[in-house]
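Peer 1: Compact mmCIF, C-alpha atoms and all ligand atoms, saved as work.txt, coming up:
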```
# COMPACT_ATOMS: atom_id res chain seq x y z
CA MET C 1 -5.69 -19.16 -8.80
CA LYS C 2 -8.95 -17.54 -9.87
CA THR C 3 -10.76 -15.08 -7.59
CA ARG C 4 -13.03 -12.08 -8.04
CA ILE C 5 -9.91 -9.89 -7.87
CA THR C 6 -8.02 -11.73 -10.64
CA GLU C 7 -11.18 -11.47 -12.75
CA LEU C 8 -11.75 -7.78 -12.01
CA PHE C 9 -8.23 -6.68 -12.93
CA GLY C 10 -7.40 -9.33 -15.55
CA ILE C 11 -4.36 -10.59 -13.63
CA GLU C 12 -2.94 -14.06 -13.07
CA HIS C 13 -2.36 -13.99 -9.29
CA PRO C 14 -4.50 -12.23 -6.63
CA ILE C 15 -1.60 -10.09 -5.43
CA ILE C 16 -1.53 -6.28 -5.57
CA GLN C 17 1.40 -3.98 -4.84
CA GLY C 18 0.06 -1.02 -2.88
CA GLY C 19 1.02 2.54 -3.81
CA MET C 20 4.14 3.66 -1.96
CA HIS C 21 5.59 7.15 -1.95
CA TYR C 22 9.05 7.23 -3.62
CA VAL C 23 8.93 3.43 -4.08
CA GLY C 24 6.11 2.90 -6.57
CA PHE C 25 7.94 3.89 -9.73
CA ALA C 26 7.58 2.20 -13.13
CA GLU C 27 10.37 -0.31 -12.36
CA LEU C 28 8.54 -1.89 -9.42
CA ALA C 29 5.04 -1.66 -10.92
CA ALA C 30 6.22 -3.33 -14.15
CA ALA C 31 8.07 -6.07 -12.25
CA VAL C 32 4.94 -6.91 -10.24
CA SER C 33 2.70 -6.91 -13.30
CA ASN C 34 5.19 -8.98 -15.32
CA ALA C 35 5.17 -11.53 -12.48
CA GLY C 36 1.36 -11.82 -12.75
CA GLY C 37 0.25 -9.43 -9.99
CA LEU C 38 -1.07 -5.87 -10.24
CA GLY C 39 1.74 -3.34 -10.03
CA ILE C 40 0.85 0.21 -8.98
CA ILE C 41 2.62 3.49 -9.79
CA THR C 42 2.33 6.04 -6.97
CA GLY C 43 0.65 9.03 -8.62
CA LEU C 44 1.65 11.84 -6.28
CA THR C 45 5.34 10.87 -6.17
CA GLN C 46 5.28 12.37 -9.67
CA LYS C 47 5.24 16.11 -8.99
CA THR C 48 2.99 17.04 -11.94
CA PRO C 49 0.40 15.26 -14.11
CA GLU C 50 2.88 15.56 -17.03
CA LEU C 51 5.51 13.64 -15.07
CA LEU C 52 2.93 11.00 -14.18
CA ALA C 53 2.09 10.64 -17.89
CA LYS C 54 5.80 10.00 -18.56
CA GLU C 55 6.05 7.43 -15.76
CA ILE C 56 2.99 5.62 -17.15
CA ALA C 57 4.53 5.62 -20.65
CA LYS C 58 7.77 4.25 -19.17
CA CYS C 59 5.89 1.47 -17.38
CA ARG C 60 4.02 0.63 -20.58
CA GLU C 61 7.43 0.13 -22.27
CA MET C 62 8.39 -2.31 -19.51
CA THR C 63 5.25 -4.46 -19.44
CA ASP C 64 2.30 -5.38 -21.64
CA LYS C 65 0.34 -6.60 -18.58
CA PRO C 66 -2.26 -4.51 -16.70
CA PHE C 67 -0.95 -2.10 -14.06
CA GLY C 68 -2.55 0.64 -11.98
CA VAL C 69 -1.92 4.04 -10.44
CA ASN C 70 -2.39 5.04 -6.79
CA LEU C 71 -4.04 8.38 -6.06
CA THR C 72 -3.86 9.39 -2.43
CA PHE C 73 -6.35 12.08 -1.43
CA LEU C 74 -4.44 14.03 1.17
CA PRO C 75 -5.77 16.08 4.05
CA THR C 76 -3.80 19.13 2.90
CA PHE C 77 -4.65 22.72 2.11
CA ALA C 78 -2.64 22.79 -1.12
CA THR C 79 -4.72 20.18 -2.98
CA PRO C 80 -2.90 18.60 -5.95
CA PRO C 81 -4.69 18.98 -9.34
CA TYR C 82 -6.45 15.62 -9.08
CA PRO C 83 -8.61 15.94 -12.24
CA GLU C 84 -5.44 16.53 -14.29
CA TYR C 85 -3.72 13.53 -12.67
CA ILE C 86 -6.80 11.42 -13.49
CA GLN C 87 -6.74 12.71 -17.07
CA ALA C 88 -3.09 11.61 -17.38
CA ILE C 89 -4.08 8.15 -16.12
CA ILE C 90 -6.96 7.93 -18.61
CA GLU C 91 -4.81 9.12 -21.52
CA GLY C 92 -2.13 6.62 -20.53
CA GLY C 93 -4.69 3.83 -21.02
CA VAL C 94 -4.45 2.65 -17.40
CA LYS C 95 -7.51 0.67 -16.33
CA ALA C 96 -7.01 0.43 -12.56
CA ILE C 97 -6.77 3.10 -9.87
CA GLU C 98 -6.04 2.50 -6.20
CA THR C 99 -7.53 5.41 -4.28
CA ALA C 100 -6.60 6.08 -0.67
CA GLY C 101 -7.03 8.69 2.02
CA ARG C 102 -10.08 10.88 1.77
CA ASN C 103 -13.37 9.91 0.13
CA PRO C 104 -12.82 9.68 -3.68
CA GLU C 105 -16.53 10.16 -4.54
CA LYS C 106 -16.05 13.49 -6.29
CA TYR C 107 -13.58 11.96 -8.75
CA LEU C 108 -15.31 8.63 -9.43
CA PRO C 109 -17.48 9.76 -12.39
CA GLN C 110 -14.35 10.83 -14.33
CA MET C 111 -12.69 7.46 -13.64
CA LYS C 112 -15.77 5.33 -14.29
CA ALA C 113 -16.58 7.10 -17.55
CA ALA C 114 -13.16 5.94 -18.81
CA GLY C 115 -13.87 2.32 -17.82
CA ILE C 116 -11.37 2.36 -14.96
CA LYS C 117 -11.76 -0.12 -12.10
CA VAL C 118 -11.37 1.57 -8.72
CA ILE C 119 -10.09 -0.14 -5.59
CA HIS C 120 -10.28 2.11 -2.51
CA LYS C 121 -8.01 1.49 0.46
CA CYS C 122 -9.90 1.58 3.76
CA THR C 123 -8.95 0.98 7.37
CA SER C 124 -12.46 0.27 8.68
CA VAL C 125 -15.66 -1.59 7.80
CA ARG C 126 -17.47 1.75 7.94
CA HIS C 127 -15.30 3.27 5.24
CA SER C 128 -15.39 0.06 3.17
CA LEU C 129 -19.18 0.16 3.11
CA LYS C 130 -19.05 3.81 2.08
CA ALA C 131 -16.66 2.90 -0.77
CA GLU C 132 -19.11 0.22 -1.90
CA ALA C 133 -22.03 2.63 -1.70
CA ILE C 134 -20.36 5.30 -3.84
CA GLY C 135 -19.54 2.78 -6.58
CA CYS C 136 -15.98 1.54 -6.02
CA ASP C 137 -15.36 -1.84 -7.64
CA ALA C 138 -13.34 -3.31 -4.77
CA VAL C 139 -11.66 -2.33 -1.53
CA SER C 140 -8.28 -2.96 0.00
CA VAL C 141 -8.88 -3.51 3.72
CA ASP C 142 -5.84 -2.21 5.58
CA GLY C 143 -5.49 -3.60 9.12
CA PHE C 144 -3.77 -2.11 12.15
CA GLU C 145 -0.55 -4.01 11.30
CA CYS C 146 -0.03 -2.11 8.06
CA GLY C 147 2.84 0.12 7.11
CA GLY C 148 1.68 3.68 6.48
CA HIS C 149 -1.62 5.03 7.78
CA PRO C 150 -3.69 2.45 9.70
CA GLY C 151 -6.42 4.92 10.69
CA GLU C 152 -7.51 5.52 14.26
CA ASP C 153 -9.54 2.39 15.12
CA ASP C 154 -6.66 -0.05 15.74
CA VAL C 155 -8.50 -3.18 14.58
CA PRO C 156 -6.08 -5.91 13.40
CA ASN C 157 -6.76 -8.00 10.33
CA PHE C 158 -7.85 -11.14 12.21
CA ILE C 159 -10.99 -9.20 13.17
CA LEU C 160 -11.19 -6.58 10.43
CA LEU C 161 -11.15 -8.98 7.45
CA PRO C 162 -13.95 -11.30 8.59
CA ARG C 163 -15.94 -8.22 9.66
CA ALA C 164 -15.47 -6.81 6.16
CA ALA C 165 -16.55 -10.17 4.70
CA GLU C 166 -19.73 -10.08 6.80
CA GLU C 167 -20.75 -6.70 5.43
CA LEU C 168 -19.36 -6.19 1.91
CA LYS C 169 -20.78 -7.36 -1.40
CA ILE C 170 -17.90 -6.11 -3.57
CA PRO C 171 -14.61 -8.06 -3.44
CA PHE C 172 -11.78 -6.98 -1.16
CA VAL C 173 -8.12 -7.75 -0.68
CA ALA C 174 -6.38 -8.08 2.67
CA SER C 175 -3.74 -5.42 3.25
CA GLY C 176 -1.31 -5.02 6.11
CA GLY C 177 0.98 -7.74 7.42
CA MET C 178 0.91 -9.81 4.22
CA ALA C 179 4.22 -11.43 3.26
CA ASP C 180 3.97 -14.98 1.95
CA GLY C 181 1.83 -17.96 0.96
CA ARG C 182 0.59 -18.31 4.54
CA SER C 183 -0.68 -14.72 4.46
CA LEU C 184 -2.48 -15.30 1.18
CA VAL C 185 -4.24 -18.49 2.32
CA ALA C 186 -5.20 -16.86 5.63
CA ALA C 187 -6.56 -13.82 3.80
CA LEU C 188 -8.66 -16.04 1.53
CA ALA C 189 -9.89 -18.03 4.54
CA LEU C 190 -10.99 -14.83 6.26
CA GLY C 191 -13.06 -13.81 3.24
CA ALA C 192 -10.71 -11.76 1.08
CA ASP C 193 -10.24 -12.39 -2.65
CA GLY C 194 -6.53 -11.61 -2.62
CA MET C 195 -3.90 -9.59 -0.85
CA ASN C 196 -2.14 -6.25 -1.09
CA MET C 197 1.48 -5.87 0.02
CA GLY C 198 3.55 -2.79 0.67
CA THR C 199 6.60 -3.35 2.87
CA ARG C 200 7.32 -6.84 1.44
CA PHE C 201 7.66 -5.41 -2.08
CA ILE C 202 10.25 -2.83 -0.95
CA ALA C 203 12.66 -5.64 -0.06
CA THR C 204 12.92 -6.91 -3.65
CA GLN C 205 15.65 -6.59 -6.25
CA GLU C 206 13.56 -4.39 -8.55
CA ALA C 207 12.30 -1.90 -5.94
CA PRO C 208 14.08 1.28 -7.07
CA VAL C 209 15.19 2.38 -3.58
CA HIS C 210 18.56 2.58 -1.83
CA GLN C 211 20.00 -0.73 -0.62
CA ASN C 212 20.04 0.67 2.95
CA VAL C 213 16.23 0.66 2.95
CA LYS C 214 16.08 -3.01 1.94
CA ASP C 215 18.73 -3.90 4.53
CA ALA C 216 16.81 -2.04 7.25
CA ILE C 217 13.63 -3.99 6.50
CA VAL C 218 15.45 -7.34 6.52
CA ALA C 219 17.19 -6.41 9.81
CA ALA C 220 13.98 -5.22 11.53
CA SER C 221 11.81 -7.45 13.68
CA GLU C 222 8.05 -7.21 14.27
CA LEU C 223 8.86 -5.13 17.37
CA ASP C 224 10.62 -2.32 15.52
CA THR C 225 7.76 -0.16 14.21
CA ARG C 226 6.17 2.74 16.07
CA LEU C 227 2.96 4.72 15.66
CA VAL C 228 3.47 8.46 15.23
CA MET C 229 1.16 11.47 14.72
CA ARG C 230 -1.73 9.96 16.69
CA PRO C 231 -2.29 13.28 18.51
CA LEU C 232 -2.81 14.84 15.05
CA ARG C 233 -5.26 12.07 14.05
CA ASN C 234 -2.94 11.25 11.17
CA THR C 235 -1.47 8.08 12.67
CA GLU C 236 1.37 6.51 10.71
CA ARG C 237 3.24 3.24 11.34
CA VAL C 238 6.93 3.84 10.74
CA LEU C 239 10.24 2.09 11.32
CA ARG C 240 11.85 3.17 14.58
CA ASN C 241 14.99 5.32 14.20
CA ALA C 242 16.58 8.34 15.92
CA ALA C 243 14.17 10.79 14.24
CA VAL C 244 11.17 8.71 15.29
CA ASP C 245 12.41 8.64 18.90
CA ARG C 246 12.73 12.44 18.78
CA LEU C 247 9.25 12.77 17.30
CA ILE C 248 7.72 10.56 20.02
CA ALA C 249 9.54 12.55 22.73
CA LYS C 250 8.00 15.76 21.31
CA GLU C 251 4.54 14.13 21.27
CA LYS C 252 4.95 13.18 24.94
CA ALA C 253 6.22 16.63 25.93
CA LEU C 254 3.65 18.69 24.01
CA GLY C 255 0.61 16.42 24.46
CA ALA C 256 -2.65 17.53 22.88
CA ALA C 257 -1.18 20.97 22.07
CA ILE C 258 1.17 19.53 19.43
CA LYS C 259 0.94 20.97 15.92
CA PHE C 260 2.25 19.71 12.60
CA GLU C 261 4.85 22.53 12.62
CA ASP C 262 6.39 21.05 15.78
CA ILE C 263 7.36 17.84 13.99
CA ILE C 264 8.06 19.17 10.52
CA ASP C 265 11.79 18.29 10.72
CA GLU C 266 10.97 14.64 11.33
CA VAL C 267 8.24 14.19 8.69
CA ALA C 268 8.46 16.74 5.86
CA GLY C 269 10.55 16.02 2.76
CA VAL C 270 11.85 12.80 4.28
CA TYR C 271 11.09 10.30 1.51
CA PRO C 272 13.71 11.30 -1.10
CA LYS C 273 16.39 11.34 1.60
CA ILE C 274 15.49 7.87 2.83
CA MET C 275 14.49 6.13 -0.39
CA THR C 276 16.94 7.74 -2.81
CA GLN C 277 19.91 8.73 -0.63
CA GLY C 278 19.62 5.91 1.91
CA GLU C 279 19.90 8.33 4.87
CA MET C 280 18.16 6.01 7.27
CA GLU C 281 17.96 8.42 10.21
CA ALA C 282 16.59 11.33 8.14
CA GLY C 283 13.01 11.05 9.39
CA ALA C 284 9.90 8.93 9.83
CA TRP C 285 9.10 6.56 6.96
CA SER C 286 6.28 4.05 6.65
CA CYS C 287 7.03 0.41 7.39
CA GLY C 288 4.80 -2.46 8.48
CA MET C 289 5.14 -4.90 11.38
CA VAL C 290 5.49 -7.48 8.62
CA ALA C 291 9.20 -6.52 8.51
CA GLY C 292 9.52 -9.31 11.10
CA LEU C 293 8.57 -11.83 8.39
CA ILE C 294 10.93 -10.45 5.74
CA HIS C 295 14.31 -12.19 5.68
CA ASP C 296 15.56 -11.79 2.11
CA VAL C 297 15.63 -9.59 -1.00
CA PRO C 298 14.40 -11.79 -3.87
CA THR C 299 13.37 -10.68 -7.35
CA VAL C 300 9.67 -9.82 -7.58
CA LYS C 301 9.08 -12.89 -9.74
CA GLU C 302 10.83 -15.17 -7.25
CA LEU C 303 8.72 -13.66 -4.47
CA ILE C 304 5.40 -14.02 -6.26
CA ASP C 305 6.16 -17.53 -7.58
CA ARG C 306 7.17 -18.56 -4.07
CA ILE C 307 3.97 -17.11 -2.56
CA MET C 308 1.76 -18.90 -5.08
CA ALA C 309 3.60 -22.23 -4.71
CA GLU C 310 3.45 -22.02 -0.92
CA ALA C 311 -0.25 -21.08 -0.96
CA GLU C 312 -1.09 -23.99 -3.23
CA GLN C 313 0.91 -26.39 -1.09
CA ILE C 314 -0.85 -25.22 2.09
CA ILE C 315 -4.27 -25.59 0.50
CA ARG C 316 -3.66 -28.94 -1.23
CA GLN C 317 -1.53 -30.62 1.39
CA ARG C 318 -1.60 -29.09 4.85
CA LEU C 319 -5.27 -28.05 4.90
CA ALA C 320 -6.72 -30.80 2.66
CA GLY C 321 -4.80 -33.35 4.75
CA MET C 322 -6.51 -32.12 7.90
CA VAL C 323 -10.02 -32.81 6.62
CA ALA C 324 -9.27 -35.98 4.66
C1 LIG C 401 7.18 3.25 2.38
C2 LIG C 401 5.69 3.20 2.22
C3 LIG C 401 5.05 4.25 1.57
C4 LIG C 401 3.65 4.22 1.39
N1 LIG C 401 3.06 5.23 0.70
C5 LIG C 401 1.71 5.17 0.43
C6 LIG C 401 1.09 6.16 -0.37
O1 LIG C 401 1.71 7.12 -0.83
N2 LIG C 401 -0.24 6.03 -0.61
C7 LIG C 401 -0.97 4.97 -0.12
O2 LIG C 401 -2.17 4.88 -0.38
N3 LIG C 401 -0.40 4.01 0.65
C8 LIG C 401 0.93 4.09 0.92
N4 LIG C 401 1.52 3.07 1.66
C9 LIG C 401 0.70 1.95 2.15
C10 LIG C 401 0.78 0.71 1.22
O3 LIG C 401 0.21 0.96 -0.03
C11 LIG C 401 0.08 -0.51 1.83
O4 LIG C 401 -1.29 -0.22 2.05
C12 LIG C 401 0.69 -0.96 3.14
O5 LIG C 401 2.09 -0.92 3.05
C13 LIG C 401 0.25 -2.36 3.49
O6 LIG C 401 0.86 -2.81 4.67
P1 LIG C 401 2.21 -3.69 4.70
O7 LIG C 401 3.31 -2.72 4.62
O8 LIG C 401 2.11 -4.40 6.01
O9 LIG C 401 2.17 -4.63 3.53
C14 LIG C 401 2.90 3.11 1.89
C15 LIG C 401 3.57 2.07 2.56
C16 LIG C 401 4.94 2.10 2.73
C17 LIG C 401 5.59 0.95 3.44
```
Rewrite the coordinates I just gave you, this time as structure tokens.
Peer 2:
Amino acid sequence: MKTRITELFGIEHPIIQGGMHYVGFAELAAAVSNAGGLGIITGLTQKTPELLAKEIAKCREMTDKPFGVNLTFLPTFATPPYPEYIQAIIEGGVKAIETAGRNPEKYLPQMKAAGIKVIHKCTSVRHSLKAEAIGCDAVSVDGFECGGHPGEDDVPNFILLPRAAEELKIPFVASGGMADGRSLVAALALGADGMNMGTRFIATQEAPVHQNVKDAIVAASELDTRLVMRPLRNTERVLRNAAVDRLIAKEKALGAAIKFEDIIDEVAGVYPKIMTQGEMEAGAWSCGMVAGLIHDVPTVKELIDRIMAEAEQIIRQRLAGMVA
């Protein structure tokens, strides 16, 4: 399949693996790239730019295909040393960066001067247009269904993607709720040039996370995620568990007066406990509604081959048959 996204990143299939905290290590990124997609290392999971440089070198040992790095611009006071992280990415010879969170404008000249293609993750048409205006090469349009931070507008992909297609000139991928060949064909029909998946890639053999996490995703239905931190305007879609129930009870009790400190036990330092130790009740962790469509734990190659075969079959048989 050839789209503007496969052309932009020099990849075989229009499938990107979104950055995921404590999931996007070299093992997963390399597996996705080796299977013909674009694997992404999560930059800030590496605690220093030096550690990121090592993770990039490790990934380079595992694949000779293109891969990228995610840089999430956080709304925090203790800002990570982003220019040094970007320098590590440049020196590692990586040619794709997935930016997310706050506006990456300040850092774009450094990336562009090194010939890096930038895909910015956005949850609204407004932000997508801004990304286009500041010179991003593509956007990843993340609908309300997505695992992680869906923004505050709550527009699902059936509306958000065609709205993005109406307004954008640069290519975009559909993100949030994508799982299989049906998702890919639907995304293309709605105007995207590919798709980005998060949750689906966690339930794969190569994802370097505890088996309990994979089992929890397979066991979950589309009804099992919750939105937390809306009162803090930092909404996150997470898998429901005891900690999430506690967090929601605090949000109800404290209302608009709630502060980050009130929920620190449920959200801070949670990822290593969940992803590495498999302590599934340790806190709130991102997971998409798409868990309802995930029923197995294949290898990344099996997953991507299956998606592409299913997409082709839908296009050539089901859809072509309807207009014949
Ligand atoms: C466990 C987990 C951690 C994530 N961490 C990040 C992150 O650090 N930075 C980021 O930009 N997106 C992060 N995301 C969002 C994904 O990159 C992707 O946009 C999202 O998962 C797409 O929705 P889906 O889960 O329905 O496929 C995370 C998602 C999950 C499930």
Peer 1: Excluding region 168-172 of chain C and any residue of its chain fewer than 6 positions from it, enumerate the residues within 7 Å of it, using all atoms listed in the file, and give them as an MDAnalysis selection string.
Peer 2: chainID C and resid 4:5 129 132 137:141 192:193
Peer 1: Kindly provide, as a VMD selection string, all nucleotide and amino acid residues lying within 8 Å of ligand LIG 401 (chain C), counting only C-alpha atoms and all ligand atoms.
Peer 2: chain C and resid 17 to 23 42 44 to 45 70 to 72 98 to 101 121 140 142 to 143 145 to 149 175 to 179 196 to 202 238 285 to 291
Peer 1: Any idea what the distance is between CA of Val94 (chain C) and CA of Gln205 (chain C)?
Peer 2: 24.8 Å
Peer 1: Please list, as a PyMOL selection string, the residues that have an atom at most 12 Å away from (4.5, 13.0, -16.6) in the coordinates of this file, counting all atoms listed in the file.
Peer 2: chain C and resi 25-26+41+43-59+84-89+91-92
Peer 1: One number please: CA of Ser128 (chain C) to CA of Leu8 (chain C), in Å, one decimal.
Peer 2: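 Taking CA of Ser128 (chain C) as the start and CA of Leu8 (chain C) as the end point, the length is 17.5 Å.
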Peer 1: Which of these residues is nearest to Pro162 (chain C), using all atoms listed in the file: C:Leu184, C:Ala174, C:Arg60, C:Gln277?
Peer 2: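 Once distances to Pro162 (chain C) are computed over all atoms listed in the file, the minimum belongs to C:Ala174.
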